[in-house]
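Structure first, commentary second.
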Amino acid sequence: MSLHTKPILEVDQVKKYFPIKSGFLKRTVANVQAVENVSVDVMEGETLGIVGESGCGKSTFGRTILGLESLTDGSIKFRGEEIGGLSDRQLKKYKKEMQMIFQDPYASLNPRRRIGDALEEAFIIHTNLRKTERKQRVKELLVEVGLKEEHAERYPHEFSGGQRQRIGIARAVSLNPSLIVCDEAVSALDVSVQAQIIQLLKELQQSHQLTYLFISHDLGVVKHISDRVLVMYLGATAELAPAGQLFSNPLHPYTQALLSAIPRPVVGRKKERIRLKGELPNASNYPSGCPFHTRCPLAHERCRQEKPVWREVEKGHFVACHEV
Amino acid sequence: METLLNVNNLVTSFRTAKEKIQAVRGVSFSVDKGETLCIVGESGCGKSITTLSIMGLLPDNGEISEGSITFQGQELTKKKEEEMRRHRGNDISMIFQEPMTALNPVFTVGYQIMEPLNLHTNLGKNEKRKRAVELLNQVGLSNPEKTLKKYPHELSGGMRQRVMIAISLACNPSLLIADEPTTALDVTIQAQILDLIDDLKEKMGMGVLMVTHDMGVVAEVADRVMVMYAGNVVETGTVKEVFENPSHPYTKGLLASVPNVDEEDHSLEAIPGTLPNLNEKIAGCRFHPRCPYAMDKCRKEDPPHFRITDQQQSKCWLHEEVPSHESTHKAYS
C-alpha cells in the first residue's frame with residue numbers, strides 16, 4: 001500500500017538488558033537479555049504485529065520504544081528524530097504522539113476516580129483547553145469508542161471488561177497520537193467482545209491515521225489485524241514478513257512450529273504438528289549462536305556457535321536462520 | 001458405551017446479601033467412558049460452576065438447589081463431605097486452570113504427588129515413590145527423580161501443569177475434569193499438554209470433561225460439545241455437527257468471532273452487546289437481547305431444547321418446526 005512507505009519509527013539494533021545484582025557490593029553478576037539486537041522500521045499508517053511466547057521480550061520491546069524502559073543500547077528514531085535515551089522531560093512532547101493500550105485497563109484506572117475525570121487529565125497536562133471544552137472533548141471521546149456520554153460520571157468498577165478496554169482506548173486516542181502500542185489489548189476479553197474491540201481499533205486507525213504496534217501471543221488475532229508480522233524469540237527477531245506471506249510461507253523453523261501449534265477451529269483438519277522439545281530457555285543464561293538452537297529440529301553445529309544474520313530473503317521478508 | 005457421569009437438570013445457586021441468584025439454570029448432560037465432552041462458553045456462563053458442583057467444591061454460599069448428579073450409578077448430590085472426599089482425587093479428579101495457585105508452594109512436588117496415594121491407597125513408602133516417578137515419566141517430565149524434590153516455584157508454567165496432571169492421574173481416575181487446563185500456557189506448550197491428555201485418555205479409557213473458551217481447542221480434542229450461555233445449555237452435539245452445522249445463533253456468533261489463521265481475508269463478526277449479569281432478569285430466551293434472529297416469541301417465552309439430529313439439540317425457537325422431545329426437557333423453567 002502506498003500509504004505505508006514512510007517510516008514513522010526506525011528501530012536500530014535495540015538492546016534492553018536487566019542487570020542481576022548480587023553480593024554485598026551489589027555488583028552486576030549477569031544480565032537478563034530481554035531485547036537482543038532488534039532492528040525494524042515501522043511505516044506510517046501500518047499495523048505491525050509482534051508475536052512470540054511469554055518471555056520473548058515483546059512487551060519489553062514495546063515499553064522500550066515508548067521510553068517506559070531505559071534503552072541499554074541502540075537507536076530509536078521517531079519521524080527521523082532520535083528519542084532513545086531522552087530524559088522524561090525531553091520525552092514529554094513525544095508522549096502526546098505515542099500512546100499505549102494495556103491488557104488490563106482496570107489495573108491502570110484509579111478505582112476512586114470517575115471515568116470522565118480520568119480521561120480529562122490528559123487534556124489538563126497537554127493542552128490549554130478550558131474546563132467546559134475539556135468536558136466536551138471527554139464526552140465526544142466516549143461516544144467515539146462506543147460508550148455513552150453519561151458514562152463519564154461512573155466509576156471503573158461499574159463497567160464490564162469490554163467497556164473498560166474501550167475506556168483504555170479512549171484514553172490512548174484522546175490526544176490524537178500517531179503511534180499506539182497495543183500490548184495484549186484484547187487477550188483478556190471473551191471472543192465475542194474481542195471481535196468488537198478489534199473492529200473498533202480498525203475503525204479508529206482509519207479515522208485517525210494511526211500506526212499500531214500490536215503485541216499479542218494470539219496468532220489468529222495478529223493475523224487478522226496486522227499488515228506485517230514480526231516473530232520474536234528470546235528477545236531476538238526471528239522473522240518479519242507481510243502477514244499473508246508469513247502465515248502461508250513461514251521460513252524460520254520457530255515460526256513454522258508456532259503456526260502448526262495453533263489449535264484450529266475446524267474439525268477433522270488436524271494438521272501434523274511440529275513438536276518443539278522443551279521450553280523457552282532462561283534469558284539470563286543466553287544460548288550461544290542462534291538463540292533457538294536448543295529447541296530447533298534442524299539445529300546443527302554451526303547454529304550452536306554462530307549467530308545467524310538478519311537478512312532479507314525476499315522483498316520485505318526478513319529471517320534470521322542459517323538453514324534458509 | 002458405558003455412561004460414567006450423568007447430570008440431570010442441575011441448578012446451582014448462590015446466596016448473596018440481596019437475593020439468591022442462579023449461576024447454573026437446569027443443565028443436563030452425560031459423559032461416557034473414553035469420550036471427551038467439552039463445555040464451551042464465555043466467562044460467567046456457568047461452565048466452571050458446573051464442574052465445581054460435580055466435584056462438590058462449591059464455595060460456602062453456593063448450593064445445588066435442584067437436580068441430580070450420578071457417577072457410576074451413585075448419586076453425588078446426597079453424599080456427605082466425608083464420602084465426597086473419598087471420590088475426589090481417586091476416581092474423579094480435576095485439573096485447574098492455574099497450576100501455581102493450585103499447587104502448595106511450601107511442599108515439594110513429590111509430597112504433593114504422593115498425597116492422593118496416601119489418602120486413597122495402601123501402598124508402602126517405596127511403592128508410592130515408584131508410582132510418583134512413573135507418573136512424572138508418563139506426563140513427559142525429564143529427570144523425574146530430581147523433579148520430585150523440587151518446589152513449585154522452581155518449575156515453569158508448562159512443567160507445573162504437567163505436575164498437576166500427574167497428581168490428578170495418581171489414582172487412575174475414571175473421570176478427569178479439566179477446567180481451562182491450557183489457558184495460561186503458550187501455544188507450543190498448550191499443544192504438548194493437549195496431546196498428553198488425549199494420549200492418556202486413549203490409554204486409560206478415562207472420560208474427560210473439559211471446560212474451555214477456546215474453539216480451536218474444542219475442535220482438536222472434543223468428541224461432543226456442549227455450548228453454554230448465561231447458565232443454560234444452548235446447544236449440544238457431536239463436534240462435527242456443532243462446528244459444521246451450528247444451529248443456535250449464539251454458537252454461530254461464537255464461531256464467527258474466532259479469528260481464523262488459515263483463511264485468507266476471513267472477516268470477523270462480533271456478537272453485539274455484552275454478557276448479561278447473573279442476577280439480570282431477562283424475559284424469554286436469555287440470549288434474545290443479543291440475537292440477530294430474535295422474534296416476538298423469544299422475548300416472552302423461554303425455548304425448550306429442540307432435537308435436530310440424533311445427537312444435536314438446540315435451545316432456540318428457530319427450530320420449533322422440527323418435531324421436539326419437549327417432554328423430556330420441560331422441567332427447565
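Quick note on naming: the chains in the C-alpha cells go A, B, ... in the order shown, residues restart at 1 in each chain, and ligands are numbered from 1 in order of appearance.
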
Using only C-alpha atoms, what table do you get, as a Markdown table, when you list each residue of chain A with an atom no more than 10 Å from chain B, its nearest pair of atoms, and their distance in Å rounded to one decimal, rows by chain then rising number?
```
| residue | atom | partner | partner_atom | distance |
| --- | --- | --- | --- | --- |
| A:Gly52 | CA | B:Asp186 | CA | 8.8 |
| A:Glu53 | CA | B:Asp186 | CA | 5.8 |
| A:Ser54 | CA | B:Asp186 | CA | 6.8 |
| A:Ser160 | CA | B:Thr274 | CA | 8.1 |
| A:Gly161 | CA | B:Thr274 | CA | 9.4 |
| A:Gly162 | CA | B:Thr274 | CA | 7.9 |
| A:Gln163 | CA | B:Thr274 | CA | 9.0 |
| A:Leu189 | CA | B:Ser43 | CA | 8.9 |
| A:Asp190 | CA | B:Glu42 | CA | 5.8 |
| A:Val191 | CA | B:Ser257 | CA | 6.1 |
| A:Ser192 | CA | B:Ala270 | CA | 5.2 |
| A:Val193 | CA | B:Ala270 | CA | 6.6 |
| A:Gln194 | CA | B:Ala270 | CA | 7.6 |
| A:Ala195 | CA | B:Ala270 | CA | 4.8 |
| A:Gln196 | CA | B:Ala270 | CA | 5.2 |
| A:Ile197 | CA | B:Ala270 | CA | 8.8 |
| A:Ile198 | CA | B:Leu268 | CA | 8.7 |
| A:Gln199 | CA | B:Leu268 | CA | 8.2 |
| A:His217 | CA | B:Asp186 | CA | 7.6 |
| A:Asp218 | CA | B:Val187 | CA | 8.5 |
| A:Leu219 | CA | B:Val261 | CA | 7.3 |
| A:Gly220 | CA | B:Pro259 | CA | 5.0 |
| A:Val221 | CA | B:Pro259 | CA | 5.7 |
| A:Val222 | CA | B:Pro259 | CA | 8.9 |
| A:Lys223 | CA | B:Val261 | CA | 6.5 |
| A:His224 | CA | B:Pro259 | CA | 6.5 |
| A:Ile225 | CA | B:Pro259 | CA | 9.6 |
| A:Gly244 | CA | B:Glu264 | CA | 7.4 |
| A:Phe247 | CA | B:Val261 | CA | 7.3 |
| A:Ser248 | CA | B:Asp262 | CA | 8.0 |
| A:Ala257 | CA | B:Thr188 | CA | 7.5 |
| A:Leu258 | CA | B:Thr188 | CA | 6.2 |
| A:Leu259 | CA | B:Val261 | CA | 8.5 |
| A:Ser260 | CA | B:Thr188 | CA | 8.6 |
| A:Ala261 | CA | B:Thr188 | CA | 5.5 |
| A:Ile262 | CA | B:Val187 | CA | 6.1 |
| A:Pro263 | CA | B:Gly216 | CA | 4.4 |
| A:Arg264 | CA | B:Gly216 | CA | 4.5 |
| A:Pro265 | CA | B:Gly216 | CA | 3.9 |
| A:Val266 | CA | B:Ala219 | CA | 5.8 |
| A:Val267 | CA | B:Ala219 | CA | 5.1 |
| A:Gly268 | CA | B:Ala219 | CA | 7.9 |
| A:Arg269 | CA | B:Glu220 | CA | 8.8 |
| A:Lys270 | CA | B:Glu220 | CA | 7.0 |
| A:Lys271 | CA | B:Glu220 | CA | 9.9 |
| A:Arg273 | CA | B:Ala191 | CA | 8.4 |
| A:Ile274 | CA | B:Thr188 | CA | 9.2 |
| A:Arg275 | CA | B:Gln192 | CA | 7.6 |
| A:Leu276 | CA | B:Thr188 | CA | 6.9 |
| A:Lys277 | CA | B:Gln192 | CA | 9.2 |
| A:Gly278 | CA | B:Ile189 | CA | 8.6 |
| A:Glu279 | CA | B:Ile189 | CA | 7.6 |
| A:Leu280 | CA | B:Ser156 | CA | 9.4 |
```

Contact residues around Thr238 of chain B with only C-alpha atoms at 8 Å, ignoring same-chain residues under 6 positions, as an mmCIF file with C-alpha atoms, in the first residue's frame:
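And here's result14.cif as it stands now:
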```
data_model
loop_
_atom_site.group_PDB
_atom_site.id
_atom_site.type_symbol
_atom_site.label_atom_id
_atom_site.label_comp_id
_atom_site.auth_asym_id
_atom_site.auth_seq_id
_atom_site.Cartn_x
_atom_site.Cartn_y
_atom_site.Cartn_z
ATOM 1 C CA ASP B 223 -15.925 -35.864 20.785
ATOM 2 C CA ARG B 224 -19.045 -33.997 21.826
ATOM 3 C CA VAL B 225 -19.599 -30.321 22.592
ATOM 4 C CA GLN B 311 -27.145 -36.093 18.975
ATOM 5 C CA GLN B 312 -27.688 -32.420 18.273
#
```

(request) If you run DSSP over the backbone, which residues in segment 138-323 of chain B end up strand (DSSP E or B)? Put them as a PyMOL selection string. (result) chain B and resi 175-179+207-212+224-229+232-238+306-307+313-314

(request) Return the single residue from B:Gly56, B:Gly67, B:Gly140, B:Gly34 that is closest to Lys80 of chain B, with distances computed using only C-alpha atoms. (result) B:Gly56

(request) Kindly give the distance, in Å, that separates atom CA of Val11 of chain A and atom CA of Ala299 of chain A, rounded to a single decimal. (result) 28.9 Å

(request) Please identify all polymer residues within 12 Å of Ser59 of chain A, counting only C-alpha atoms, omitting same-chain residues fewer than 5 positions from it, and present them as a VMD selection string. (result) chain A and resid 16 34 to 35 49 to 54 64 to 66 68 to 69 100 to 103 181 to 185 213 to 217 232 234 to 235

Mind dumping the selected residues with N, CA and C atoms as a PDB file, in the first residue's frame?
```
ATOM      1  N   LYS A  16      17.922  -4.257  25.297  1.00  0.00           N
ATOM      2  CA  LYS A  16      17.482  -3.918  26.644  1.00  0.00           C
ATOM      3  C   LYS A  16      17.896  -5.052  27.576  1.00  0.00           C
ATOM      4  N   ALA A  34      16.679  -9.180  27.696  1.00  0.00           N
ATOM      5  CA  ALA A  34      15.262  -9.184  27.350  1.00  0.00           C
ATOM      6  C   ALA A  34      15.023  -8.836  25.891  1.00  0.00           C
ATOM      7  N   VAL A  35      15.746  -7.838  25.398  1.00  0.00           N
ATOM      8  CA  VAL A  35      15.649  -7.488  23.980  1.00  0.00           C
ATOM      9  C   VAL A  35      17.062  -7.508  23.430  1.00  0.00           C
ATOM     10  N   GLY A  49       2.319  -6.372  13.714  1.00  0.00           N
ATOM     11  CA  GLY A  49       2.049  -7.332  14.779  1.00  0.00           C
ATOM     12  C   GLY A  49       3.348  -7.885  15.317  1.00  0.00           C
ATOM     13  N   ILE A  50       3.440  -8.048  16.629  1.00  0.00           N
ATOM     14  CA  ILE A  50       4.625  -8.671  17.217  1.00  0.00           C
ATOM     15  C   ILE A  50       4.153  -9.892  17.996  1.00  0.00           C
ATOM     16  N   VAL A  51       4.637 -11.069  17.607  1.00  0.00           N
ATOM     17  CA  VAL A  51       4.209 -12.291  18.277  1.00  0.00           C
ATOM     18  C   VAL A  51       5.388 -13.041  18.871  1.00  0.00           C
ATOM     19  N   GLY A  52       5.088 -13.901  19.798  1.00  0.00           N
ATOM     20  CA  GLY A  52       6.103 -14.726  20.435  1.00  0.00           C
ATOM     21  C   GLY A  52       5.532 -15.268  21.727  1.00  0.00           C
ATOM     22  N   GLU A  53       6.208 -16.247  22.308  1.00  0.00           N
ATOM     23  CA  GLU A  53       5.713 -16.838  23.547  1.00  0.00           C
ATOM     24  C   GLU A  53       6.013 -15.908  24.717  1.00  0.00           C
ATOM     25  N   SER A  54       5.414 -16.188  25.864  1.00  0.00           N
ATOM     26  CA  SER A  54       5.669 -15.322  27.008  1.00  0.00           C
ATOM     27  C   SER A  54       7.149 -15.383  27.359  1.00  0.00           C
ATOM     28  N   THR A  64      10.073  -0.219  25.762  1.00  0.00           N
ATOM     29  CA  THR A  64      11.327   0.491  25.499  1.00  0.00           C
ATOM     30  C   THR A  64      11.112   1.574  24.445  1.00  0.00           C
ATOM     31  N   ILE A  65      10.318   1.255  23.432  1.00  0.00           N
ATOM     32  CA  ILE A  65      10.044   2.238  22.385  1.00  0.00           C
ATOM     33  C   ILE A  65       9.375   3.480  22.961  1.00  0.00           C
ATOM     34  N   LEU A  66       8.440   3.269  23.896  1.00  0.00           N
ATOM     35  CA  LEU A  66       7.718   4.400  24.474  1.00  0.00           C
ATOM     36  C   LEU A  66       8.529   5.122  25.543  1.00  0.00           C
ATOM     37  N   LEU A  68       9.287   3.835  28.405  1.00  0.00           N
ATOM     38  CA  LEU A  68       8.889   3.374  29.738  1.00  0.00           C
ATOM     39  C   LEU A  68       9.993   2.530  30.363  1.00  0.00           C
ATOM     40  N   GLU A  69      10.885   2.018  29.510  1.00  0.00           N
ATOM     41  CA  GLU A  69      12.082   1.340  29.993  1.00  0.00           C
ATOM     42  C   GLU A  69      13.260   2.072  29.362  1.00  0.00           C
ATOM     43  N   MET A 100      -0.178   4.050  24.626  1.00  0.00           N
ATOM     44  CA  MET A 100      -0.176   2.606  24.839  1.00  0.00           C
ATOM     45  C   MET A 100      -1.552   2.152  25.311  1.00  0.00           C
ATOM     46  N   ILE A 101      -1.971   0.977  24.870  1.00  0.00           N
ATOM     47  CA  ILE A 101      -3.184   0.348  25.394  1.00  0.00           C
ATOM     48  C   ILE A 101      -2.745  -0.923  26.105  1.00  0.00           C
ATOM     49  N   PHE A 102      -3.152  -1.054  27.351  1.00  0.00           N
ATOM     50  CA  PHE A 102      -2.668  -2.165  28.167  1.00  0.00           C
ATOM     51  C   PHE A 102      -3.641  -3.337  28.138  1.00  0.00           C
ATOM     52  N   GLN A 103      -3.161  -4.482  28.626  1.00  0.00           N
ATOM     53  CA  GLN A 103      -4.005  -5.680  28.641  1.00  0.00           C
ATOM     54  C   GLN A 103      -5.183  -5.511  29.583  1.00  0.00           C
ATOM     55  N   VAL A 181       0.942   1.665  20.896  1.00  0.00           N
ATOM     56  CA  VAL A 181       1.424   0.321  21.183  1.00  0.00           C
ATOM     57  C   VAL A 181       0.304  -0.409  21.923  1.00  0.00           C
ATOM     58  N   CYS A 182      -0.227  -1.473  21.330  1.00  0.00           N
ATOM     59  CA  CYS A 182      -1.293  -2.252  21.963  1.00  0.00           C
ATOM     60  C   CYS A 182      -0.649  -3.498  22.554  1.00  0.00           C
ATOM     61  N   ASP A 183      -0.520  -3.554  23.862  1.00  0.00           N
ATOM     62  CA  ASP A 183       0.125  -4.696  24.495  1.00  0.00           C
ATOM     63  C   ASP A 183      -0.930  -5.679  24.989  1.00  0.00           C
ATOM     64  N   GLU A 184      -1.139  -6.754  24.261  1.00  0.00           N
ATOM     65  CA  GLU A 184      -2.157  -7.761  24.589  1.00  0.00           C
ATOM     66  C   GLU A 184      -3.506  -7.095  24.839  1.00  0.00           C
ATOM     67  N   ALA A 185      -3.864  -6.146  23.950  1.00  0.00           N
ATOM     68  CA  ALA A 185      -5.035  -5.312  24.197  1.00  0.00           C
ATOM     69  C   ALA A 185      -6.346  -6.090  24.213  1.00  0.00           C
ATOM     70  N   LEU A 213       1.477  -0.759  16.890  1.00  0.00           N
ATOM     71  CA  LEU A 213       2.376  -1.877  17.182  1.00  0.00           C
ATOM     72  C   LEU A 213       1.523  -2.822  17.989  1.00  0.00           C
ATOM     73  N   PHE A 214       1.117  -3.927  17.404  1.00  0.00           N
ATOM     74  CA  PHE A 214       0.143  -4.786  18.047  1.00  0.00           C
ATOM     75  C   PHE A 214       0.834  -6.025  18.609  1.00  0.00           C
ATOM     76  N   ILE A 215       1.033  -6.012  19.934  1.00  0.00           N
ATOM     77  CA  ILE A 215       1.756  -7.095  20.595  1.00  0.00           C
ATOM     78  C   ILE A 215       0.759  -8.117  21.115  1.00  0.00           C
ATOM     79  N   SER A 216       0.910  -9.372  20.749  1.00  0.00           N
ATOM     80  CA  SER A 216      -0.025 -10.377  21.236  1.00  0.00           C
ATOM     81  C   SER A 216       0.580 -11.767  21.117  1.00  0.00           C
ATOM     82  N   HIS A 217       0.098 -12.674  21.934  1.00  0.00           N
ATOM     83  CA  HIS A 217       0.541 -14.052  21.765  1.00  0.00           C
ATOM     84  C   HIS A 217      -0.458 -14.822  20.911  1.00  0.00           C
ATOM     85  N   MET A 232       9.215 -12.842  17.391  1.00  0.00           N
ATOM     86  CA  MET A 232      10.365 -12.721  18.281  1.00  0.00           C
ATOM     87  C   MET A 232      10.579 -14.018  19.044  1.00  0.00           C
ATOM     88  N   LEU A 234      13.075 -15.221  22.308  1.00  0.00           N
ATOM     89  CA  LEU A 234      14.090 -14.949  23.309  1.00  0.00           C
ATOM     90  C   LEU A 234      14.773 -13.588  23.099  1.00  0.00           C
ATOM     91  N   GLY A 235      13.966 -12.570  22.865  1.00  0.00           N
ATOM     92  CA  GLY A 235      14.494 -11.220  22.750  1.00  0.00           C
ATOM     93  C   GLY A 235      14.986 -10.850  21.370  1.00  0.00           C
TER      94      GLY A 235
END
```

(message) If we count only C-alpha atoms and set the cut-off at 9 Å, which residues sit around His208 of chain A, ignoring sequence neighbours fewer than 3 positions away in its own chain? Please answer as an MDAnalysis selection string.
(response) chainID A and resid 173 176:178 203:205

Could you please take those selected residues and save N, CA and C atoms as a short mmCIF file (atom, residue, chain, number, x, y, z; two decimals), in the first residue's frame?
```cif
data_model
loop_
_atom_site.label_atom_id
_atom_site.label_comp_id
_atom_site.auth_asym_id
_atom_site.auth_seq_id
_atom_site.Cartn_x
_atom_site.Cartn_y
_atom_site.Cartn_z
N VAL A 173 -6.34 7.38 22.64
CA VAL A 173 -6.51 8.21 21.44
C VAL A 173 -6.85 9.67 21.77
N ASN A 176 -4.93 12.53 20.12
CA ASN A 176 -4.62 12.32 18.70
C ASN A 176 -3.19 11.89 18.45
N PRO A 177 -2.78 10.78 19.00
CA PRO A 177 -1.41 10.32 18.79
C PRO A 177 -1.25 9.77 17.37
N SER A 178 -0.02 9.53 16.95
CA SER A 178 0.13 8.90 15.65
C SER A 178 0.54 7.43 15.78
N GLU A 203 -11.46 0.74 13.01
CA GLU A 203 -12.16 1.98 12.64
C GLU A 203 -11.35 3.21 13.03
N LEU A 204 -10.81 3.17 14.27
CA LEU A 204 -10.03 4.32 14.74
C LEU A 204 -8.78 4.51 13.90
N GLN A 205 -8.19 3.40 13.46
CA GLN A 205 -7.00 3.50 12.63
C GLN A 205 -7.31 4.27 11.35
#
```

(request) Would you mind listing what lies within 10 Å of Glu323 of chain A as a PyMOL selection string, with only C-alpha atoms counted and same-chain residues fewer than 6 positions away left out? (result) chain A and resi 251-253+298-300+302-303+308

Would you mind exporting the chosen residues as a PDB file, in the first residue's frame, restricted to N, CA and C atoms?
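Wrote selection20.pdb, looks like this:
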```pdb
ATOM      1  N   LEU A 251       9.249 -19.180   7.014  1.00  0.00           N
ATOM      2  CA  LEU A 251      10.559 -19.722   6.670  1.00  0.00           C
ATOM      3  C   LEU A 251      11.347 -20.193   7.889  1.00  0.00           C
ATOM      4  N   HIS A 252      11.247 -19.457   8.979  1.00  0.00           N
ATOM      5  CA  HIS A 252      12.013 -19.814  10.173  1.00  0.00           C
ATOM      6  C   HIS A 252      11.385 -21.037  10.851  1.00  0.00           C
ATOM      7  N   PRO A 253      12.214 -22.003  11.273  1.00  0.00           N
ATOM      8  CA  PRO A 253      11.635 -23.202  11.910  1.00  0.00           C
ATOM      9  C   PRO A 253      10.790 -22.877  13.151  1.00  0.00           C
ATOM     10  N   LEU A 298      16.097 -28.556  13.360  1.00  0.00           N
ATOM     11  CA  LEU A 298      17.093 -28.584  12.281  1.00  0.00           C
ATOM     12  C   LEU A 298      18.492 -28.204  12.745  1.00  0.00           C
ATOM     13  N   ALA A 299      18.664 -27.989  14.069  1.00  0.00           N
ATOM     14  CA  ALA A 299      19.924 -27.410  14.552  1.00  0.00           C
ATOM     15  C   ALA A 299      21.129 -28.288  14.221  1.00  0.00           C
ATOM     16  N   HIS A 300      22.202 -27.657  13.815  1.00  0.00           N
ATOM     17  CA  HIS A 300      23.458 -28.368  13.608  1.00  0.00           C
ATOM     18  C   HIS A 300      24.592 -27.555  14.233  1.00  0.00           C
ATOM     19  N   ARG A 302      26.868 -25.437  13.313  1.00  0.00           N
ATOM     20  CA  ARG A 302      27.024 -24.014  13.023  1.00  0.00           C
ATOM     21  C   ARG A 302      26.050 -23.168  13.856  1.00  0.00           C
ATOM     22  N   CYS A 303      24.815 -23.691  14.051  1.00  0.00           N
ATOM     23  CA  CYS A 303      23.796 -22.954  14.802  1.00  0.00           C
ATOM     24  C   CYS A 303      24.220 -22.763  16.249  1.00  0.00           C
ATOM     25  N   PRO A 308      22.996 -16.392  13.548  1.00  0.00           N
ATOM     26  CA  PRO A 308      22.564 -16.162  12.162  1.00  0.00           C
ATOM     27  C   PRO A 308      22.326 -14.676  11.900  1.00  0.00           C
TER      28      PRO A 308
END
```

(request) Using DSSP on the backbone coordinates, identify all residues within segment 149-273 of chain B classified as helix (DSSP H, G or I); present the result as a PyMOL selection string. (result) chain B and resi 152-154+157-169+187-204+215-221+239-244+249-256

(message) Please list as an MDAnalysis selection string every residue within 10 Å of Ile83 of chain A, counting only C-alpha atoms and excluding residues in the same chain fewer than 3 positions away.
(response) chainID A and resid 9 65:67 71 75:80 86:87 90:91 94

(message) Could you check the closest approach to Ile124 of chain A for each of A:Asn110, A:Asn282, A:Ser174, A:Thr294 and tell me which residue wins, using only C-alpha atoms?
(response)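 Nearest candidate to Ile124 of chain A out of A:Asn110, A:Asn282, A:Ser174, A:Thr294: A:Ser174.
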
(message) For a test of reading the model, state the distance in Å between atom CA of Ile8 of chain A and atom CA of Arg311 of chain A, rounded to one decimal.
(response)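 That distance, rounded to one decimal, is 21.4 Å.
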